[in-house]
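Undergrad: Coordinates in structure16.txt, compact mmCIF, C-alpha atoms, are listed below.
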```
# COMPACT_ATOMS: atom_id res chain seq x y z
CA MET A 1 -80.65 -100.04 52.71
CA SER A 2 -79.55 -99.07 49.22
CA PHE A 3 -81.58 -97.81 46.29
CA TYR A 4 -81.08 -98.33 42.56
CA VAL A 5 -81.80 -95.91 39.73
CA ARG A 6 -82.82 -97.11 36.28
CA LYS A 7 -83.24 -94.74 33.36
CA ILE A 8 -86.42 -95.36 31.34
CA THR A 9 -88.22 -94.00 28.33
CA PHE A 10 -91.35 -92.92 30.17
CA SER A 11 -93.50 -92.72 27.03
CA LYS A 12 -93.14 -96.49 26.56
CA PHE A 13 -94.65 -97.39 29.93
CA PRO A 14 -98.27 -97.35 31.10
CA LYS A 15 -99.36 -94.28 33.10
CA ASP A 16 -102.44 -95.83 34.68
CA ILE A 17 -103.88 -99.27 35.35
CA SER A 18 -106.55 -98.98 32.66
CA SER A 19 -103.91 -98.58 29.93
CA TYR A 20 -102.86 -102.20 30.42
CA ASN A 21 -105.86 -103.68 32.23
CA ASN A 22 -103.76 -104.37 35.35
CA ASN A 23 -102.20 -107.29 33.48
CA ILE A 24 -98.45 -107.20 32.88
CA ASP A 25 -98.97 -109.29 29.73
CA GLU A 26 -100.79 -106.25 28.26
CA VAL A 27 -97.81 -103.87 28.57
CA CYS A 28 -96.63 -102.84 25.11
CA ALA A 29 -93.53 -104.44 23.64
CA ASP A 30 -91.79 -101.06 23.44
CA ALA A 31 -91.60 -101.02 27.24
CA VAL A 32 -89.85 -104.37 27.16
CA SER A 33 -87.43 -103.08 24.53
CA ASP A 34 -86.50 -100.27 26.94
CA LEU A 35 -85.02 -102.96 29.18
CA ARG A 36 -82.21 -103.89 26.83
CA THR A 37 -79.80 -106.23 28.53
CA ASN A 38 -76.15 -106.89 27.90
CA SER A 39 -75.06 -110.47 28.61
CA ASN A 40 -78.35 -110.91 30.49
CA ASP A 41 -77.58 -107.99 32.80
CA LEU A 42 -79.47 -104.70 33.22
CA SER A 43 -77.63 -101.55 34.25
CA VAL A 44 -78.58 -99.58 37.40
CA TRP A 45 -76.87 -96.98 39.59
CA GLU A 46 -76.70 -97.50 43.34
CA ILE A 47 -77.41 -94.68 45.77
CA PRO A 48 -77.38 -94.93 49.57
CA THR A 49 -80.71 -93.11 50.09
CA ASP A 50 -83.55 -91.81 47.95
CA SER A 51 -82.76 -88.22 48.97
CA ASP A 52 -82.55 -85.44 46.38
CA ASN A 53 -78.76 -85.20 46.79
CA ASP A 54 -78.23 -88.90 46.17
CA ILE A 55 -80.63 -88.87 43.23
CA GLU A 56 -78.59 -86.02 41.73
CA GLU A 57 -75.48 -88.20 42.02
CA ALA A 58 -77.17 -90.94 39.99
CA VAL A 59 -78.35 -88.40 37.41
CA LEU A 60 -74.80 -87.05 37.15
CA ALA A 61 -73.52 -90.58 36.50
CA LEU A 62 -76.23 -91.21 33.89
CA VAL A 63 -75.74 -88.00 31.92
CA THR A 64 -71.95 -88.22 31.82
CA SER A 65 -71.70 -91.54 30.02
CA SER A 66 -68.92 -91.61 27.43
CA LYS A 67 -71.61 -92.23 24.79
CA GLN A 68 -73.65 -89.18 25.78
CA SER A 69 -74.30 -86.82 22.88
CA SER A 70 -76.65 -84.27 24.44
CA PHE A 71 -78.28 -83.11 27.63
CA ASP A 72 -81.95 -83.86 27.27
CA LYS A 73 -84.58 -84.60 29.84
CA ILE A 74 -84.35 -87.99 31.45
CA ASP A 75 -86.89 -90.14 33.22
CA PHE A 76 -86.00 -92.80 35.72
CA VAL A 77 -87.35 -94.96 38.50
CA ILE A 78 -85.90 -95.92 41.84
CA PHE A 79 -86.08 -99.35 43.49
CA SER A 80 -85.07 -100.29 47.00
CA ASP A 81 -82.83 -103.29 47.44
CA GLU A 82 -85.75 -104.83 49.37
CA ALA A 83 -87.98 -104.59 46.28
CA LEU A 84 -85.31 -106.28 44.17
CA LYS A 85 -84.81 -109.03 46.76
CA GLU A 86 -88.57 -109.64 47.00
CA GLN A 87 -88.53 -110.36 43.27
CA GLY A 88 -85.52 -112.66 43.63
CA LEU A 89 -83.34 -110.31 41.58
CA VAL A 90 -79.58 -110.46 42.09
CA LEU A 91 -77.07 -107.63 41.72
CA SER A 92 -73.50 -107.75 40.50
CA ASP A 93 -70.77 -105.12 40.47
CA GLU A 94 -69.54 -103.55 37.24
CA VAL A 95 -67.54 -100.38 36.84
CA GLY A 96 -69.88 -97.76 35.40
CA ASP A 97 -69.51 -95.79 32.20
CA THR A 98 -69.39 -92.25 33.55
CA ALA A 99 -67.01 -89.30 33.34
CA VAL A 100 -67.20 -88.89 37.11
CA ASN A 101 -64.47 -91.13 38.51
CA ASP A 102 -65.78 -91.23 42.08
CA LEU A 103 -69.12 -92.58 40.81
CA LYS A 104 -67.81 -95.41 38.63
CA ASN A 105 -68.03 -97.93 41.49
CA HIS A 106 -71.67 -97.05 42.20
CA HIS A 107 -72.76 -98.94 39.12
CA LYS A 108 -74.41 -102.35 39.43
CA ASN A 109 -76.20 -104.77 37.19
CA ILE A 110 -79.35 -106.68 37.84
CA ALA A 111 -77.65 -109.90 36.87
CA ASN A 112 -78.37 -113.20 35.15
CA LEU A 113 -81.78 -112.14 33.92
CA THR A 114 -84.13 -114.61 32.32
CA TYR A 115 -87.49 -113.97 30.70
CA GLY A 116 -89.17 -114.50 34.07
CA SER A 117 -86.88 -112.20 36.04
CA LEU A 118 -86.98 -109.54 33.32
CA ARG A 119 -90.75 -109.68 33.67
CA SER A 120 -90.27 -108.94 37.38
CA VAL A 121 -88.21 -105.86 36.50
CA LEU A 122 -90.93 -104.78 34.07
CA GLU A 123 -93.51 -105.14 36.85
CA LEU A 124 -91.39 -103.05 39.23
CA ILE A 125 -91.06 -100.26 36.68
CA THR A 126 -94.71 -100.41 35.61
CA ASN A 127 -95.85 -100.22 39.22
CA ARG A 128 -93.86 -97.01 39.58
CA THR A 129 -95.06 -95.42 36.34
CA ILE A 130 -98.74 -96.09 37.02
CA SER A 131 -98.42 -94.69 40.54
CA GLY A 132 -96.60 -91.59 39.28
CA GLU A 133 -93.37 -92.50 41.08
CA GLN A 134 -91.09 -92.03 38.08
CA ILE A 135 -88.84 -89.00 38.26
CA ARG A 136 -88.09 -86.58 35.45
CA LYS A 137 -85.17 -84.22 35.30
CA THR A 138 -85.45 -81.48 32.70
CA ARG A 139 -82.61 -80.28 30.53
CA THR A 140 -82.28 -77.19 32.72
CA GLU A 141 -82.10 -79.30 35.88
CA ILE A 142 -79.47 -81.55 34.30
CA GLU A 143 -77.39 -78.55 33.26
CA GLU A 144 -77.56 -77.23 36.84
CA ILE A 145 -76.38 -80.58 38.19
CA ILE A 146 -73.48 -80.55 35.74
CA LYS A 147 -72.55 -76.95 36.61
CA LYS A 148 -72.41 -77.85 40.30
CA ASN A 149 -70.08 -80.76 39.53
CA LEU A 150 -67.82 -79.47 36.74
CA ASP A 151 -64.69 -80.11 38.79
CA ARG A 152 -65.61 -83.82 39.05
CA ILE A 153 -66.17 -84.42 35.33
CA ASP A 154 -63.33 -85.88 33.27
CA GLN A 155 -64.07 -84.44 29.84
CA ASN A 156 -61.55 -86.75 28.17
CA VAL A 157 -64.01 -89.61 28.64
CA PHE A 158 -66.51 -88.22 26.12
CA ARG A 159 -66.30 -89.64 22.62
CA ASN A 160 -68.35 -86.78 21.23
CA GLU A 161 -66.52 -83.44 20.84
CA ARG A 162 -69.84 -81.58 21.02
CA MET A 163 -70.30 -82.85 24.57
CA LYS A 164 -66.95 -81.44 25.58
CA GLU A 165 -67.98 -78.10 24.09
CA LYS A 166 -71.35 -78.17 25.86
CA ILE A 167 -69.71 -78.79 29.21
CA LEU A 168 -67.15 -76.07 28.53
CA ASN A 169 -70.00 -73.65 27.71
CA LEU A 170 -71.74 -74.53 30.98
CA SER A 171 -68.64 -73.51 32.89
CA LYS A 172 -68.84 -69.96 31.55
```
Please render this file's structure as structure tokens.
TA:
Amino acid sequence: MSFYVRKITFSKFPKDISSYNNNIDEVCADAVSDLRTNSNDLSVWEIPTDSDNDIEEAVLALVTSSKQSSFDKIDFVIFSDEALKEQGLVLSDEVGDTAVNDLKNHHKNIANLTYGSLRSVLELITNRTISGEQIRKTRTEIEEIIKKNLDRIDQNVFRNERMKEKILNLSK
């Protein structure tokens, strides 16, 4: 069984059932906007297990995007492939935007989303946030993950020179 990691903006999602009356139609629009699609696809990172080591691999992929401009805290949720299948959600392969070459092929998309299937994704995420199953990595934790993996990071991928400097400073 595989698992899939999706970065979220935790503040946009309900933290308990009473904040949306246990009705997905009551979730605020900002939560929906956090699920921005590209060509009706939603980006996720595949990991083989939900172990701490595999989660760190997904975090490393997320925080080394070529567009990354800083190392801040990140929040994310994890879905099993069973949970996605139960919702009728389909995955497709797409090379990931990360500076870690051996992780590029661990990127997937939840593909061909419609309003109805995007609603299913929203329900999956909301179920995790109200049950406290979202995961947060602090800036310090992210920096430690990067330090442990400096030799795997291709700094030429970053568009932002400040990111290259930040990674260089972490290696000292």
Undergrad: I want to know what sits within 10 Å of A:Lys7, based on only C-alpha atoms, with residues of the same chain fewer than 3 positions away left out; could you give that as a ChimeraX atom specification?
TA: /A:10,34-35,43-45,58-59,62,74-78,134-136
Undergrad: Take the residues from that selection and write them out as a JSON list (two decimals), keeping the file's coordinate frame, keeping C-alpha atoms.
TA:
```json
[["chain", "number", "residue", "atom", "x", "y", "z"],
["A", 10, "PHE", "CA", -91.35, -92.92, 30.17],
["A", 34, "ASP", "CA", -86.50, -100.27, 26.94],
["A", 35, "LEU", "CA", -85.02, -102.96, 29.18],
["A", 43, "SER", "CA", -77.63, -101.55, 34.25],
["A", 44, "VAL", "CA", -78.58, -99.58, 37.40],
["A", 45, "TRP", "CA", -76.87, -96.98, 39.59],
["A", 58, "ALA", "CA", -77.17, -90.94, 39.99],
["A", 59, "VAL", "CA", -78.35, -88.40, 37.41],
["A", 62, "LEU", "CA", -76.23, -91.21, 33.89],
["A", 74, "ILE", "CA", -84.35, -87.99, 31.45],
["A", 75, "ASP", "CA", -86.89, -90.14, 33.22],
["A", 76, "PHE", "CA", -86.00, -92.80, 35.72],
["A", 77, "VAL", "CA", -87.35, -94.96, 38.50],
["A", 78, "ILE", "CA", -85.90, -95.92, 41.84],
["A", 134, "GLN", "CA", -91.09, -92.03, 38.08],
["A", 135, "ILE", "CA", -88.84, -89.00, 38.26],
["A", 136, "ARG", "CA", -88.09, -86.58, 35.45]]
```
Undergrad: Which residues are close to A:Ser80, i.e. within 12 Å by all atoms listed in the file, leaving aside same-chain residues fewer than 2 positions away? Reply as a list of chain:residue names.
TA: A:Met1, A:Ser2, A:Phe3, A:Tyr4, A:Val5, A:Arg6, A:Val44, A:Trp45, A:Glu46, A:Ile47, A:Pro48, A:Thr49, A:Asp50, A:Val77, A:Ile78, A:Glu82, A:Ala83, A:Leu84, A:Lys85, A:Glu86, A:Gln87, A:Leu89, A:Leu124, A:Ile125, A:Arg128
Undergrad: Here is a test: counting only C-alpha atoms, which residue of A:Ser70, A:Thr9, A:Ser92, A:Asn105 is nearest to A:Asn40?
TA: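 Of A:Ser70, A:Thr9, A:Ser92, A:Asn105, the one nearest A:Asn40 is A:Ser92, counting only C-alpha atoms.
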Undergrad: Skipping near chain neighbours, those fewer than 6 positions away, what residues fall within 9 Å of A:Leu113 using only C-alpha atoms, listed as JSON, numbers by chain?
TA: {"A": [37, 39, 40, 41, 42, 89, 90]}
Undergrad: So, with all atoms listed in the file as the atoms that count, which of A:Asp16, A:Asp151, A:Asp81, A:Glu133 lies closest to A:Val100?
TA: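 Answer, going by the shortest atom-to-atom distance: A:Asp151.
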Undergrad: Using only C-alpha atoms, pick whichever of A:Lys73, A:Gln68, A:Asn127, A:Ile110 has the shortest atom-to-atom distance to A:Val157.
TA: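 Between A:Lys73, A:Gln68, A:Asn127, A:Ile110, the residue approaching A:Val157 most closely is A:Gln68.
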Undergrad: Which residues are near A:Ile17? Cut-off 9 Å, only C-alpha atoms, ignore same chain within fewer than 6 positions. Put them as a list in words.
TA: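 My reading of the contact set: Asn23, Asn127, Ile130 and Ser131 of chain A.
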Undergrad: Can I get the selection written as a PDB file, keeping the file's coordinate frame, with C-alpha atoms?
TA:
```
ATOM      1  CA  ASN A  23    -102.200-107.290  33.480  1.00  0.00           C
ATOM      2  CA  ASN A 127     -95.850-100.220  39.220  1.00  0.00           C
ATOM      3  CA  ILE A 130     -98.740 -96.090  37.020  1.00  0.00           C
ATOM      4  CA  SER A 131     -98.420 -94.690  40.540  1.00  0.00           C
TER       5      SER A 131
END
```
Undergrad: Using all atoms listed in the file, which of A:Asn169, A:Asn112, A:Ser33, A:Asn101 sits nearest A:Thr64?
TA: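 Selected residue with least distance to A:Thr64: A:Asn101.
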Undergrad: Nearest to A:Ile146 among A:Ser66, A:His107, A:Leu60, A:Asp72, with distances taken over all atoms listed in the file: which residue is it?
TA: A:Leu60
Undergrad: Could you tell me how far atom CA of A:Asn22 lies from atom CA of A:Leu122, in Å and to one decimal?
TA: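 Distance reported for this atom pair: 12.9 Å.
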Undergrad: Find the distance between atom CA of A:Asn38 and atom CA of A:Lys137 and write it in Å to one decimal.
TA: 25.5 Å
Undergrad: For a quick check of understanding, using all atoms listed in the file, which of A:Ser171, A:Ser69, A:Thr129, A:Asn109 has the smallest distance to A:Asn149?
TA: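 Ranked by minimum distance to A:Asn149, first place goes to A:Ser171.
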Undergrad: Could you please determine the separation between atom CA of A:Ile142 and atom CA of A:Phe71 in Å, to one decimal place?
TA: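 It comes out at 7.0 Å.
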Undergrad: Report, as JSON, the axis-aligned box around all atoms of stretch 4-12 of chain A present in the file, extended by 4 Å on each side; give centre and edge lengths in Å to one decimal place.
TA:
```
{"center_x": -87.3, "center_y": -95.5, "center_z": 34.6, "size_x": 20.4, "size_y": 13.6, "size_z": 24.0}
```
Undergrad: Starting from the point (-73.9, -79.1, 34.0), work out which residues of protein, DNA or RNA have an atom no more than 6 Å away when counting only C-alpha atoms; state them as a PyMOL selection string.
TA: chain A and resi 143-147+170
Undergrad: Those same residues - C-alpha atoms - I'd like them written as an mmCIF file, in the coordinates of the input.
TA:
```
data_model
loop_
_atom_site.group_PDB
_atom_site.id
_atom_site.type_symbol
_atom_site.label_atom_id
_atom_site.label_comp_id
_atom_site.auth_asym_id
_atom_site.auth_seq_id
_atom_site.Cartn_x
_atom_site.Cartn_y
_atom_site.Cartn_z
ATOM 1 C CA GLU A 143 -77.390 -78.550 33.260
ATOM 2 C CA GLU A 144 -77.560 -77.230 36.840
ATOM 3 C CA ILE A 145 -76.380 -80.580 38.190
ATOM 4 C CA ILE A 146 -73.480 -80.550 35.740
ATOM 5 C CA LYS A 147 -72.550 -76.950 36.610
ATOM 6 C CA LEU A 170 -71.740 -74.530 30.980
#
```
Undergrad: Env of A:Ala99: 9 Å cut, atoms = only C-alpha atoms, seq-sep filter 4 positions within chain, self excluded. Answer as a PDB file with C-alpha atoms, in the frame of the given file.
TA:
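And here is the file that came out, part_14.pdb:
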```pdb
ATOM      1  CA  LEU A  60     -74.800 -87.050  37.150  1.00  0.00           C
ATOM      2  CA  ALA A  61     -73.520 -90.580  36.500  1.00  0.00           C
ATOM      3  CA  VAL A  63     -75.740 -88.000  31.920  1.00  0.00           C
ATOM      4  CA  THR A  64     -71.950 -88.220  31.820  1.00  0.00           C
ATOM      5  CA  SER A  65     -71.700 -91.540  30.020  1.00  0.00           C
ATOM      6  CA  SER A  66     -68.920 -91.610  27.430  1.00  0.00           C
ATOM      7  CA  LEU A 103     -69.120 -92.580  40.810  1.00  0.00           C
ATOM      8  CA  LYS A 104     -67.810 -95.410  38.630  1.00  0.00           C
ATOM      9  CA  ARG A 152     -65.610 -83.820  39.050  1.00  0.00           C
ATOM     10  CA  ILE A 153     -66.170 -84.420  35.330  1.00  0.00           C
ATOM     11  CA  ASP A 154     -63.330 -85.880  33.270  1.00  0.00           C
ATOM     12  CA  GLN A 155     -64.070 -84.440  29.840  1.00  0.00           C
ATOM     13  CA  ASN A 156     -61.550 -86.750  28.170  1.00  0.00           C
ATOM     14  CA  VAL A 157     -64.010 -89.610  28.640  1.00  0.00           C
ATOM     15  CA  PHE A 158     -66.510 -88.220  26.120  1.00  0.00           C
TER      16      PHE A 158
END
```
